[in-house]
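**Student:** Below is the file input.pdb, which contains PDB, C-alpha atoms and all ligand atoms.
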MODEL        1
ATOM      1  CA  MET H   1      98.651  69.716  77.792
ATOM      2  CA  ALA H   2      98.509  70.966  81.390
ATOM      3  CA  THR H   3      98.026  68.245  83.994
ATOM      4  CA  ARG H   4      95.618  68.688  86.890
ATOM      5  CA  ALA H   5      98.608  69.146  89.230
ATOM      6  CA  THR H   6     100.139  71.979  87.161
ATOM      7  CA  THR H   7      96.734  73.696  86.897
ATOM      8  CA  ARG H   8      96.337  73.450  90.687
ATOM      9  CA  ARG H   9      99.839  74.892  91.190
ATOM     10  CA  ALA H  10      99.075  77.773  88.789
ATOM     11  CA  ASP H  11      95.768  78.432  90.607
ATOM     12  CA  ARG H  12      97.572  78.431  93.964
ATOM     13  CA  ARG H  13     100.200  80.864  92.666
ATOM     14  CA  ALA H  14      97.456  83.181  91.332
ATOM     15  CA  GLU H  15      95.685  83.041  94.712
ATOM     16  CA  GLU H  16      98.938  83.839  96.532
ATOM     17  CA  ARG H  17      99.579  86.778  94.189
ATOM     18  CA  HIS H  18      96.044  88.055  94.804
ATOM     19  CA  ALA H  19      96.475  87.719  98.589
ATOM     20  CA  ARG H  20      99.825  89.590  98.481
ATOM     21  CA  LEU H  21      98.245  92.380  96.429
ATOM     22  CA  LEU H  22      95.347  92.680  98.858
ATOM     23  CA  ALA H  23      97.710  92.716 101.853
ATOM     24  CA  ARG H  24      99.681  95.574 100.282
ATOM     25  CA  GLY H  25      96.418  97.231  99.221
ATOM     26  CA  THR H  26      95.308  97.253 102.856
ATOM     27  CA  ASP H  27      98.588  98.398 104.468
ATOM     28  CA  ASP H  28     100.718 100.474 102.070
ATOM     29  CA  HIS H  29      98.640 103.647 102.030
ATOM     30  CA  TYR H  30      98.490 103.798 105.829
ATOM     31  CA  GLU H  31     102.161 103.250 106.678
ATOM     32  CA  ASP H  32     103.147 106.920 106.256
ATOM     33  CA  ALA H  33     100.529 108.601 108.467
ATOM     34  CA  ALA H  34     102.002 112.109 108.055
ATOM     35  CA  LEU H  35     101.748 111.785 104.272
ATOM     36  CA  TYR H  36      98.155 110.515 104.642
ATOM     37  CA  ASP H  37      97.184 113.681 106.580
ATOM     38  CA  PHE H  38      99.013 115.854 104.043
ATOM     39  CA  GLU H  39      97.187 114.262 101.102
ATOM     40  CA  TYR H  40      93.720 114.683 102.632
ATOM     41  CA  PHE H  41      94.165 117.953 104.557
ATOM     42  CA  ASP H  42      91.523 119.769 102.512
ATOM     43  CA  ARG H  43      88.837 117.078 102.738
ATOM     44  CA  SER H  44      86.220 118.635 104.987
ATOM     45  CA  GLU H  45      82.639 117.801 103.867
ATOM     46  CA  ASP H  46      82.783 114.408 105.564
ATOM     47  CA  VAL H  47      84.169 115.881 108.808
ATOM     48  CA  GLU H  48      81.285 118.381 108.894
ATOM     49  CA  PHE H  49      78.742 115.650 108.109
ATOM     50  CA  TYR H  50      79.820 113.375 111.002
ATOM     51  CA  GLN H  51      80.174 116.349 113.331
ATOM     52  CA  GLU H  52      76.637 117.568 112.554
ATOM     53  CA  LEU H  53      75.207 114.047 112.815
ATOM     54  CA  ALA H  54      76.730 113.598 116.289
ATOM     55  CA  HIS H  55      75.510 117.058 117.273
ATOM     56  CA  GLU H  56      71.944 116.253 116.141
ATOM     57  CA  LEU H  57      71.868 112.899 117.995
ATOM     58  CA  ALA H  58      73.415 114.409 121.140
ATOM     59  CA  ARG H  59      70.695 117.076 121.149
ATOM     60  CA  GLU H  60      68.049 114.316 120.996
ATOM     61  CA  GLN H  61      69.738 112.448 123.869
ATOM     62  CA  GLY H  62      70.437 115.573 125.890
ATOM     63  CA  ARG H  63      74.070 114.465 126.491
ATOM     64  CA  PRO H  64      77.352 113.819 124.662
ATOM     65  CA  LEU H  65      77.483 110.515 122.765
ATOM     66  CA  ARG H  66      79.460 107.316 123.131
ATOM     67  CA  ILE H  67      80.873 106.857 119.617
ATOM     68  CA  LEU H  68      82.742 103.959 118.017
ATOM     69  CA  GLU H  69      84.762 104.892 114.925
ATOM     70  CA  LEU H  70      85.702 101.949 112.711
ATOM     71  CA  GLY H  71      88.870 102.663 110.702
ATOM     72  CA  ALA H  72      89.611 105.844 112.677
ATOM     73  CA  GLY H  73      93.018 106.327 111.043
ATOM     74  CA  THR H  74      94.919 109.455 112.062
ATOM     75  CA  GLY H  75      91.826 110.870 113.762
ATOM     76  CA  ARG H  76      90.776 113.403 111.125
ATOM     77  CA  ILE H  77      87.223 112.946 112.375
ATOM     78  CA  THR H  78      87.891 111.499 115.851
ATOM     79  CA  THR H  79      89.675 114.650 117.063
ATOM     80  CA  VAL H  80      86.808 116.926 115.987
ATOM     81  CA  LEU H  81      84.230 114.755 117.772
ATOM     82  CA  LEU H  82      86.422 114.674 120.899
ATOM     83  CA  ARG H  83      86.657 118.465 120.835
ATOM     84  CA  ASP H  84      82.838 118.547 120.765
ATOM     85  CA  GLY H  85      82.726 116.655 124.075
ATOM     86  CA  HIS H  86      81.847 113.107 122.910
ATOM     87  CA  HIS H  87      83.390 109.850 124.186
ATOM     88  CA  LEU H  88      85.336 108.132 121.404
ATOM     89  CA  THR H  89      86.493 104.591 120.839
ATOM     90  CA  ALA H  90      88.859 104.783 117.862
ATOM     91  CA  LEU H  91      89.505 101.425 116.221
ATOM     92  CA  ASP H  92      91.983 100.743 113.434
ATOM     93  CA  ARG H  93      94.300  97.922 112.388
ATOM     94  CA  MET H  94      97.272 100.162 111.483
ATOM     95  CA  ALA H  95      99.579 101.150 114.359
ATOM     96  CA  PRO H  96     101.213 104.139 112.527
ATOM     97  CA  MET H  97      97.790 105.712 111.928
ATOM     98  CA  LEU H  98      96.724 105.229 115.550
ATOM     99  CA  ALA H  99     100.061 106.578 116.860
ATOM    100  CA  ARG H 100      99.471 109.789 114.915
ATOM    101  CA  LEU H 101      95.906 110.004 116.206
ATOM    102  CA  GLU H 102      97.123 109.565 119.801
ATOM    103  CA  ALA H 103      99.808 112.244 119.370
ATOM    104  CA  LYS H 104      97.160 114.763 118.285
ATOM    105  CA  VAL H 105      95.139 114.402 121.489
ATOM    106  CA  VAL H 106      97.179 116.354 124.031
ATOM    107  CA  ARG H 107      94.568 117.813 126.368
ATOM    108  CA  PRO H 108      94.126 115.506 129.412
ATOM    109  CA  GLU H 109      90.387 116.216 129.434
ATOM    110  CA  GLU H 110      90.091 114.873 125.852
ATOM    111  CA  ARG H 111      92.459 111.955 126.452
ATOM    112  CA  ALA H 112      90.160 110.850 129.272
ATOM    113  CA  ARG H 113      87.321 110.497 126.752
ATOM    114  CA  LEU H 114      89.379 108.573 124.161
ATOM    115  CA  ARG H 115      89.971 104.834 123.953
ATOM    116  CA  ILE H 116      92.179 103.501 121.170
ATOM    117  CA  ILE H 117      91.852  99.921 119.966
ATOM    118  CA  GLU H 118      94.190  98.276 117.440
ATOM    119  CA  ALA H 119      91.943  95.617 115.930
ATOM    120  CA  ASP H 120      90.119  94.447 112.838
ATOM    121  CA  MET H 121      86.762  96.106 112.239
ATOM    122  CA  SER H 122      85.172  92.840 111.100
ATOM    123  CA  ALA H 123      85.667  91.450 114.638
ATOM    124  CA  PRO H 124      85.814  94.479 116.930
ATOM    125  CA  PRO H 125      86.394  93.643 120.618
ATOM    126  CA  ILE H 126      83.483  95.732 121.930
ATOM    127  CA  ASP H 127      80.613  95.212 124.348
ATOM    128  CA  GLU H 128      77.022  94.764 123.188
ATOM    129  CA  GLY H 129      74.970  97.980 123.287
ATOM    130  CA  ALA H 130      77.935 100.136 124.345
ATOM    131  CA  PHE H 131      77.533 102.910 121.744
ATOM    132  CA  ASP H 132      74.966 105.523 120.688
ATOM    133  CA  LEU H 133      76.669 105.990 117.328
ATOM    134  CA  VAL H 134      78.992 103.834 115.204
ATOM    135  CA  ILE H 135      80.703 105.475 112.233
ATOM    136  CA  ALA H 136      82.978 104.178 109.464
ATOM    137  CA  PRO H 137      84.086 107.273 107.533
ATOM    138  CA  PHE H 138      86.004 107.741 104.277
ATOM    139  CA  ASN H 139      85.766 104.401 102.489
ATOM    140  CA  ALA H 140      87.083 102.373 105.443
ATOM    141  CA  LEU H 141      84.540  99.603 104.707
ATOM    142  CA  MET H 142      85.960  99.255 101.173
ATOM    143  CA  HIS H 143      88.901  97.414 102.766
ATOM    144  CA  LEU H 144      86.621  94.493 103.631
ATOM    145  CA  TYR H 145      86.969  92.567 100.412
ATOM    146  CA  GLU H 146      84.383  89.819 100.741
ATOM    147  CA  HIS H 147      80.622  90.002 101.262
ATOM    148  CA  ALA H 148      80.808  87.715 104.322
ATOM    149  CA  THR H 149      83.440  89.963 105.973
ATOM    150  CA  LEU H 150      81.354  93.053 105.291
ATOM    151  CA  LEU H 151      78.316  91.359 106.773
ATOM    152  CA  ARG H 152      80.286  90.395 109.920
ATOM    153  CA  CYS H 153      81.313  94.031 110.294
ATOM    154  CA  PHE H 154      77.741  95.334 109.822
ATOM    155  CA  ALA H 155      76.448  92.771 112.342
ATOM    156  CA  ALA H 156      79.167  93.797 114.823
ATOM    157  CA  ALA H 157      78.264  97.467 114.367
ATOM    158  CA  ARG H 158      74.628  96.630 115.110
ATOM    159  CA  ARG H 159      75.600  94.599 118.205
ATOM    160  CA  GLY H 160      77.693  97.492 119.480
ATOM    161  CA  LEU H 161      74.753  99.906 119.292
ATOM    162  CA  VAL H 162      72.096 100.627 121.889
ATOM    163  CA  GLU H 163      68.527  99.964 120.743
ATOM    164  CA  GLY H 164      67.727 102.867 118.357
ATOM    165  CA  GLY H 165      71.428 103.750 117.953
ATOM    166  CA  THR H 166      72.794 104.949 114.594
ATOM    167  CA  PHE H 167      75.346 103.399 112.225
ATOM    168  CA  ALA H 168      76.617 105.897 109.620
ATOM    169  CA  PHE H 169      79.293 105.452 106.986
ATOM    170  CA  ASP H 170      80.391 106.498 103.526
ATOM    171  CA  VAL H 171      81.854 104.497 100.651
ATOM    172  CA  LEU H 172      82.433 105.377  97.005
ATOM    173  CA  LEU H 173      79.547 105.043  94.565
ATOM    174  CA  PRO H 174      81.044 102.695  91.929
ATOM    175  CA  ASP H 175      81.800 104.671  88.768
ATOM    176  CA  LEU H 176      82.030 102.144  85.926
ATOM    177  CA  GLU H 177      83.493 104.654  83.518
ATOM    178  CA  TRP H 178      86.330 105.549  85.945
ATOM    179  CA  LEU H 179      86.938 101.921  86.927
ATOM    180  CA  MET H 180      87.610 101.014  83.286
ATOM    181  CA  TRP H 181      90.164 103.771  82.645
ATOM    182  CA  ASP H 182      93.383 102.759  80.867
ATOM    183  CA  PRO H 183      95.452 101.011  83.598
ATOM    184  CA  ASP H 184      98.742 102.182  82.069
ATOM    185  CA  GLU H 185      98.050 105.905  81.891
ATOM    186  CA  ARG H 186      99.030 108.191  84.778
ATOM    187  CA  HIS H 187      96.391 110.412  86.339
ATOM    188  CA  ALA H 188      96.310 113.215  88.922
ATOM    189  CA  VAL H 189      99.966 114.036  88.228
ATOM    190  CA  THR H 190     100.936 116.484  90.994
ATOM    191  CA  ALA H 191     104.244 117.897  92.223
ATOM    192  CA  PHE H 192     104.625 118.172  96.008
ATOM    193  CA  VAL H 193     107.144 118.285  98.824
ATOM    194  CA  HIS H 194     106.967 115.391 101.277
ATOM    195  CA  PRO H 195     105.831 116.807 104.645
ATOM    196  CA  THR H 196     108.485 115.048 106.721
ATOM    197  CA  THR H 197     111.396 114.135 104.421
ATOM    198  CA  GLY H 198     111.309 117.352 102.346
ATOM    199  CA  GLU H 199     111.777 115.338  99.116
ATOM    200  CA  GLU H 200     110.498 116.976  95.928
ATOM    201  CA  LEU H 201     108.244 114.351  94.392
ATOM    202  CA  ILE H 202     105.648 113.739  91.706
ATOM    203  CA  TYR H 203     102.444 111.986  92.723
ATOM    204  CA  SER H 204     100.459 110.086  90.091
ATOM    205  CA  THR H 205      98.013 107.181  90.026
ATOM    206  CA  ASN H 206      96.395 104.559  87.857
ATOM    207  CA  HIS H 207      94.268 101.510  88.596
ATOM    208  CA  THR H 208      93.024  98.138  87.413
ATOM    209  CA  TYR H 209      89.487  96.936  88.139
ATOM    210  CA  ASP H 210      88.749  93.248  88.555
ATOM    211  CA  PRO H 211      84.997  92.795  87.845
ATOM    212  CA  GLY H 212      85.002  89.253  89.264
ATOM    213  CA  SER H 213      86.040  90.261  92.779
ATOM    214  CA  GLN H 214      84.702  93.856  92.482
ATOM    215  CA  ILE H 215      88.109  95.040  93.691
ATOM    216  CA  CYS H 216      89.818  98.087  92.233
ATOM    217  CA  HIS H 217      93.611  97.893  92.593
ATOM    218  CA  ILE H 218      94.876 101.469  92.723
ATOM    219  CA  ARG H 219      98.576 102.210  92.274
ATOM    220  CA  ILE H 220      99.971 105.447  93.692
ATOM    221  CA  PHE H 221     103.394 106.327  92.268
ATOM    222  CA  TYR H 222     105.879 108.621  93.976
ATOM    223  CA  ASP H 223     108.655 109.652  91.589
ATOM    224  CA  ASP H 224     111.499 112.137  91.775
ATOM    225  CA  ALA H 225     110.487 115.563  90.440
ATOM    226  CA  PRO H 226     112.250 116.439  87.159
ATOM    227  CA  ARG H 227     114.574 119.457  86.960
ATOM    228  CA  PRO H 228     112.750 122.797  86.458
ATOM    229  CA  GLY H 229     111.576 123.197  82.863
ATOM    230  CA  VAL H 230     111.736 119.439  82.125
ATOM    231  CA  ASP H 231     108.434 117.559  81.544
ATOM    232  CA  PHE H 232     107.615 114.659  83.848
ATOM    233  CA  ASP H 233     108.164 111.310  82.139
ATOM    234  CA  PRO H 234     107.252 108.387  84.448
ATOM    235  CA  PRO H 235     110.338 106.197  84.982
ATOM    236  CA  ALA H 236     110.071 102.414  84.494
ATOM    237  CA  THR H 237     110.682 101.865  88.222
ATOM    238  CA  PRO H 238     108.985 104.301  90.569
ATOM    239  CA  ARG H 239     110.813 105.624  93.607
ATOM    240  CA  ARG H 240     107.949 104.323  95.724
ATOM    241  CA  LEU H 241     104.811 102.417  94.734
ATOM    242  CA  VAL H 242     101.836 102.272  97.071
ATOM    243  CA  HIS H 243      99.015  99.802  96.477
ATOM    244  CA  LEU H 244      95.492 100.643  97.586
ATOM    245  CA  ALA H 245      92.733  98.046  97.200
ATOM    246  CA  HIS H 246      89.096  99.184  97.214
ATOM    247  CA  ARG H 247      86.212  96.718  97.137
ATOM    248  CA  GLN H 248      83.384  98.312  95.149
ATOM    249  CA  ILE H 249      80.044  98.111  96.936
ATOM    250  CA  PHE H 250      77.042  98.697  94.686
ATOM    251  CA  PRO H 251      73.964 100.391  96.218
ATOM    252  CA  GLU H 252      71.777  97.276  96.120
ATOM    253  CA  GLU H 253      74.456  95.197  97.883
ATOM    254  CA  LEU H 254      74.654  97.935 100.517
ATOM    255  CA  ARG H 255      70.906  97.907 101.104
ATOM    256  CA  GLY H 256      71.052  94.093 101.328
ATOM    257  CA  LEU H 257      73.907  94.178 103.864
ATOM    258  CA  ILE H 258      72.069  96.689 106.043
ATOM    259  CA  ALA H 259      68.874  94.588 106.055
ATOM    260  CA  ALA H 260      70.753  91.296 106.581
ATOM    261  CA  ALA H 261      72.543  92.763 109.616
ATOM    262  CA  GLY H 262      69.168  93.685 111.153
ATOM    263  CA  LEU H 263      69.584  97.425 110.670
ATOM    264  CA  ARG H 264      66.959  99.825 109.335
ATOM    265  CA  LEU H 265      68.082 102.156 106.541
ATOM    266  CA  GLU H 266      67.120 105.770 107.229
ATOM    267  CA  SER H 267      68.868 107.401 104.291
ATOM    268  CA  LEU H 268      71.281 106.614 101.492
ATOM    269  CA  SER H 269      72.353 109.701  99.585
ATOM    270  CA  GLY H 270      75.255 111.329  97.810
ATOM    271  CA  ASP H 271      78.248 113.466  98.681
ATOM    272  CA  PHE H 272      77.281 114.475 102.258
ATOM    273  CA  CYS H 273      74.602 116.868 101.028
ATOM    274  CA  GLY H 274      71.591 114.625 100.386
ATOM    275  CA  LEU H 275      72.045 114.192  96.613
ATOM    276  CA  PRO H 276      70.271 111.282  94.906
ATOM    277  CA  LEU H 277      72.651 108.520  93.781
ATOM    278  CA  VAL H 278      73.113 109.646  90.196
ATOM    279  CA  HIS H 279      76.051 109.615  87.793
ATOM    280  CA  GLY H 280      78.699 112.073  88.982
ATOM    281  CA  VAL H 281      78.108 111.519  92.703
ATOM    282  CA  GLU H 282      81.339 110.372  94.383
ATOM    283  CA  SER H 283      80.341 109.088  97.831
ATOM    284  CA  MET H 284      77.350 107.133  99.100
ATOM    285  CA  VAL H 285      76.477 108.213 102.611
ATOM    286  CA  ALA H 286      74.332 105.857 104.675
ATOM    287  CA  ARG H 287      72.497 106.360 107.955
ATOM    288  CA  CYS H 288      70.845 103.365 109.574
ATOM    289  CA  ARG H 289      69.425 102.476 112.973
ATOM    290  CA  ARG H 290      69.446  99.431 115.203
TER
HETATM  291  C1  LIG E   1      90.756 105.932 104.195
HETATM  292  S1  LIG E   1      91.252 105.609 105.827
HETATM  293  C2  LIG E   1      90.033 106.506 106.755
HETATM  294  C3  LIG E   1      90.609 106.974 108.079
HETATM  295  C4  LIG E   1      89.736 107.964 108.829
HETATM  296  N1  LIG E   1      88.435 107.410 109.133
HETATM  297  C5  LIG E   1      89.569 109.233 108.003
HETATM  298  O1  LIG E   1      88.419 109.571 107.699
HETATM  299  O2  LIG E   1      90.572 109.880 107.683
HETATM  300  C6  LIG E   1      90.760 103.913 106.120
HETATM  301  C7  LIG E   1      91.234 103.415 107.467
HETATM  302  O3  LIG E   1      90.665 102.125 107.673
HETATM  303  C8  LIG E   1      91.657 101.312 108.274
HETATM  304  N2  LIG E   1      91.335  99.896 108.016
HETATM  305  C9  LIG E   1      91.362  99.236 106.834
HETATM  306  N3  LIG E   1      90.961  97.971 106.995
HETATM  307  C10 LIG E   1      90.678  97.817 108.307
HETATM  308  C11 LIG E   1      90.206  96.727 109.070
HETATM  309  N4  LIG E   1      89.941  95.544 108.519
HETATM  310  N5  LIG E   1      90.037  96.917 110.403
HETATM  311  C12 LIG E   1      90.310  98.109 110.976
HETATM  312  N6  LIG E   1      90.754  99.176 110.288
HETATM  313  C13 LIG E   1      90.934  99.042 108.959
HETATM  314  C14 LIG E   1      92.957 101.745 107.646
HETATM  315  O4  LIG E   1      94.069 101.359 108.415
HETATM  316  C15 LIG E   1      92.748 103.265 107.566
HETATM  317  O5  LIG E   1      93.228 103.907 108.702
ENDMDL
END
When written as structure tokens, how does the structure in this file appear?
**Tutor:**
Amino acid sequence: MATRATTRRADRRAEERHARLLARGTDDHYEDAALYDFEYFDRSEDVEFYQELAHELAREQGRPLRILELGAGTGRITTVLLRDGHHLTALDRMAPMLARLEAKVVRPEERARLRIIEADMSAPPIDEGAFDLVIAPFNALMHLYEHATLLRCFAAARRGLVEGGTFAFDVLLPDLEWLMWDPDERHAVTAFVHPTTGEELIYSTNHTYDPGSQICHIRIFYDDAPRPGVDFDPPATPRRLVHLAHRQIFPEELRGLIAAAGLRLESLSGDFCGLPLVHGVESMVARCRR
């Protein structure tokens, strides 16, 4: 029979394993910033959405906006907003992502309107009322794994906004069917050439969903491409394994977080084109005001 001490030790080991998995799930995918840009180069609906939102608000204000981007990454969206004349504060916790963002902004006139902050978005070092618009694009908030951390981030976003300012973000609409897929199968099997190393690789993924924590642990495998004419058979040990952890946020929790942070929800819709949140919609897009 297990003693209380052995149970405690087993619990501690499980907690440590969980913490290690979350740490990798927060960092791994953002260590190779060039590969990140390569993998998402054709994602454009979100860029257009945030660009149009900023354009609409700037028209109302009659001037370019002061924008805070939480989880700015390699600047997929930041650089477009800078080009449109806005003032950007780009915050992220991953140095490789921010270095790539910085390298993209070469025009002195744009650099003068960009501030880069390496920090955690649940405790952003920003002044109260400093921004007209706060955005958190492309599932960045799904890296805040606990309700309390999410709430701290929402409250910080509100604090950073001027009275009447807008907080906009998108996260995945939880898809229960997808979350419960066989964790051992490989999906999205794709051959590609690594943009910097030139390696010929096979990309594939699978995932495990933990209903208790609402965290989906995604595994992205990079394996050597087989010789021409030979079918891909996943090896027991991948060449590289990237963990990506995504906290699922259900619509009612989202509405609750927005209200609890003292924000007013203006719209919550699907896939950057105003769809209702129905089965098949991938992203929930929220607009709220201070
Ligand atoms: C999916 S990427 C989105 C990047 C960029 N917004 C885009 O649309 O391409 C999520 C970003 O959030 C950042 N991130 C994750 N957790 C964070 C945290 N707690 N604080 C700040 N940044 C975080 C990651 O480093 C990553 O750059």
**Student:** Please enumerate the residues selected by the PyMOL selection byres (((not hetatm)) within 8 of (chain E and resi 1)) when evaluated against the supplied file, formatted as number ranges by chain.
**Tutor:** H: 26-27, 30, 37, 40, 46-47, 69-78, 91-94, 97-98, 118-122, 136-144
**Student:** For H:Arg247, which residue out of H:Ala148, H:Leu81, H:Ala112, H:Val171 is the nearest one, using only C-alpha atoms?
**Tutor:**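 Closest candidate: H:Val171.
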**Student:** Which residue, H:Asp11, H:Glu252, H:Glu109, H:Asp170, has the smallest gap to H:Phe272 when you use only C-alpha atoms?
**Tutor:**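 Counting only C-alpha atoms, the residue closest to H:Phe272 is H:Asp170.
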**Student:** Quick one: apply the PyMOL selection byres (((chain H and resi 202-204) around 12) and not hetatm) to the file and drop the selected residues here as a VMD selection string.
**Tutor:** chain H and resid 35 39 184 to 194 199 to 201 205 to 207 218 to 227 231 to 235 238 to 242
**Student:** Go through H:Leu172, H:Val106, H:Cys153, H:Val80 one by one, measure the shortest atom-to-atom distance of each to H:Glu282 using all atoms listed in the file, and give the residue with the smallest value.
**Tutor:**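 Closest candidate: H:Leu172.
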**Student:** Just how far from atom CA of H:Asp182 is atom CA of H:His279, in Å to one decimal?
**Tutor:** 19.9 Å
**Student:** Rank H:Arg115, H:Arg287, H:Arg20, H:Arg100 by their smallest atom-to-atom distance to H:Arg66, using all atoms listed in the file, and report the top residue only.
**Tutor:** H:Arg115
**Student:** I need the output of the PyMOL selection byres (((chain H and resi 209) around 9) and not hetatm) for this file as a PDB file with C-alpha atoms, keeping the file's coordinate frame; which residues are they?
**Tutor:**
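Generated file (selection24.pdb):
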ATOM      1  CA  LEU H 179      86.938 101.921  86.927  1.00  0.00           C
ATOM      2  CA  MET H 180      87.610 101.014  83.286  1.00  0.00           C
ATOM      3  CA  TRP H 181      90.164 103.771  82.645  1.00  0.00           C
ATOM      4  CA  PRO H 183      95.452 101.011  83.598  1.00  0.00           C
ATOM      5  CA  HIS H 207      94.268 101.510  88.596  1.00  0.00           C
ATOM      6  CA  THR H 208      93.024  98.138  87.413  1.00  0.00           C
ATOM      7  CA  ASP H 210      88.749  93.248  88.555  1.00  0.00           C
ATOM      8  CA  PRO H 211      84.997  92.795  87.845  1.00  0.00           C
ATOM      9  CA  GLY H 212      85.002  89.253  89.264  1.00  0.00           C
ATOM     10  CA  SER H 213      86.040  90.261  92.779  1.00  0.00           C
ATOM     11  CA  GLN H 214      84.702  93.856  92.482  1.00  0.00           C
ATOM     12  CA  ILE H 215      88.109  95.040  93.691  1.00  0.00           C
ATOM     13  CA  CYS H 216      89.818  98.087  92.233  1.00  0.00           C
ATOM     14  CA  HIS H 217      93.611  97.893  92.593  1.00  0.00           C
ATOM     15  CA  ILE H 218      94.876 101.469  92.723  1.00  0.00           C
TER      16      ILE H 218
END
**Student:** Return the single residue from H:Tyr145, H:Phe250, H:Phe169, H:Phe154 that is closest to H:Leu21, with distances computed using all atoms listed in the file.
**Tutor:**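 With all atoms listed in the file as the atom set, the closest residue is H:Tyr145.
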**Student:** Produce the centre coordinates and the three edge lengths, each in Å to one decimal, of the box along x, y and z that contains all listed atoms of stretch 219-230 of chain H with 8 Å added on each side, as JSON.
**Tutor:**
{"center_x": 106.6, "center_y": 112.7, "center_z": 88.1, "size_x": 32.0, "size_y": 37.0, "size_z": 27.9}
**Student:** Would you mind reading off the distance between atom CA of H:Val230 and atom CA of H:Tyr36, one decimal, in Å?
**Tutor:**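 Going from atom CA of H:Val230 over to atom CA of H:Tyr36, I get 27.8 Å.
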**Student:** How many Å lie between atom CA of H:Phe167 and atom CA of H:Ser267, rounded to one decimal?
**Tutor:**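 Taking atom CA of H:Phe167 and atom CA of H:Ser267, their separation equals 11.0 Å.
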**Student:** Excluding H:Ala261 and its own-chain neighbours fewer than 2 positions away, which residues fall within 12 Å of it when counting only C-alpha atoms? Please give them as an MDAnalysis selection string.
**Tutor:** chainID H and resid 147:159 167 254:259 263:265 288:290
**Student:** Could those residues be written to a file, using C-alpha atoms, as a compact mmCIF listing (two decimals), in the frame of the given file?
**Tutor:**
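Everything below was put into out19.txt:
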# COMPACT_ATOMS: atom_id res chain seq x y z
CA HIS H 147 80.62 90.00 101.26
CA ALA H 148 80.81 87.72 104.32
CA THR H 149 83.44 89.96 105.97
CA LEU H 150 81.35 93.05 105.29
CA LEU H 151 78.32 91.36 106.77
CA ARG H 152 80.29 90.40 109.92
CA CYS H 153 81.31 94.03 110.29
CA PHE H 154 77.74 95.33 109.82
CA ALA H 155 76.45 92.77 112.34
CA ALA H 156 79.17 93.80 114.82
CA ALA H 157 78.26 97.47 114.37
CA ARG H 158 74.63 96.63 115.11
CA ARG H 159 75.60 94.60 118.20
CA PHE H 167 75.35 103.40 112.22
CA LEU H 254 74.65 97.94 100.52
CA ARG H 255 70.91 97.91 101.10
CA GLY H 256 71.05 94.09 101.33
CA LEU H 257 73.91 94.18 103.86
CA ILE H 258 72.07 96.69 106.04
CA ALA H 259 68.87 94.59 106.06
CA LEU H 263 69.58 97.42 110.67
CA ARG H 264 66.96 99.82 109.34
CA LEU H 265 68.08 102.16 106.54
CA CYS H 288 70.84 103.36 109.57
CA ARG H 289 69.42 102.48 112.97
CA ARG H 290 69.45 99.43 115.20
**Student:** Using all atoms listed in the file, what residues lie at most 9 Å away from (79.6, 112.3, 114.6) (file coordinates), given as a list in words?
**Tutor:**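 So the residues meeting the distance criterion are Val47, Glu48, Phe49, Tyr50, Gln51, Glu52, Leu53, Ala54, His55, Glu56, Leu57, Leu65, Ile67, Ile77, Thr78, Val80, Leu81, His86, Leu133, Val134, Ile135 and Ala168 of chain H.
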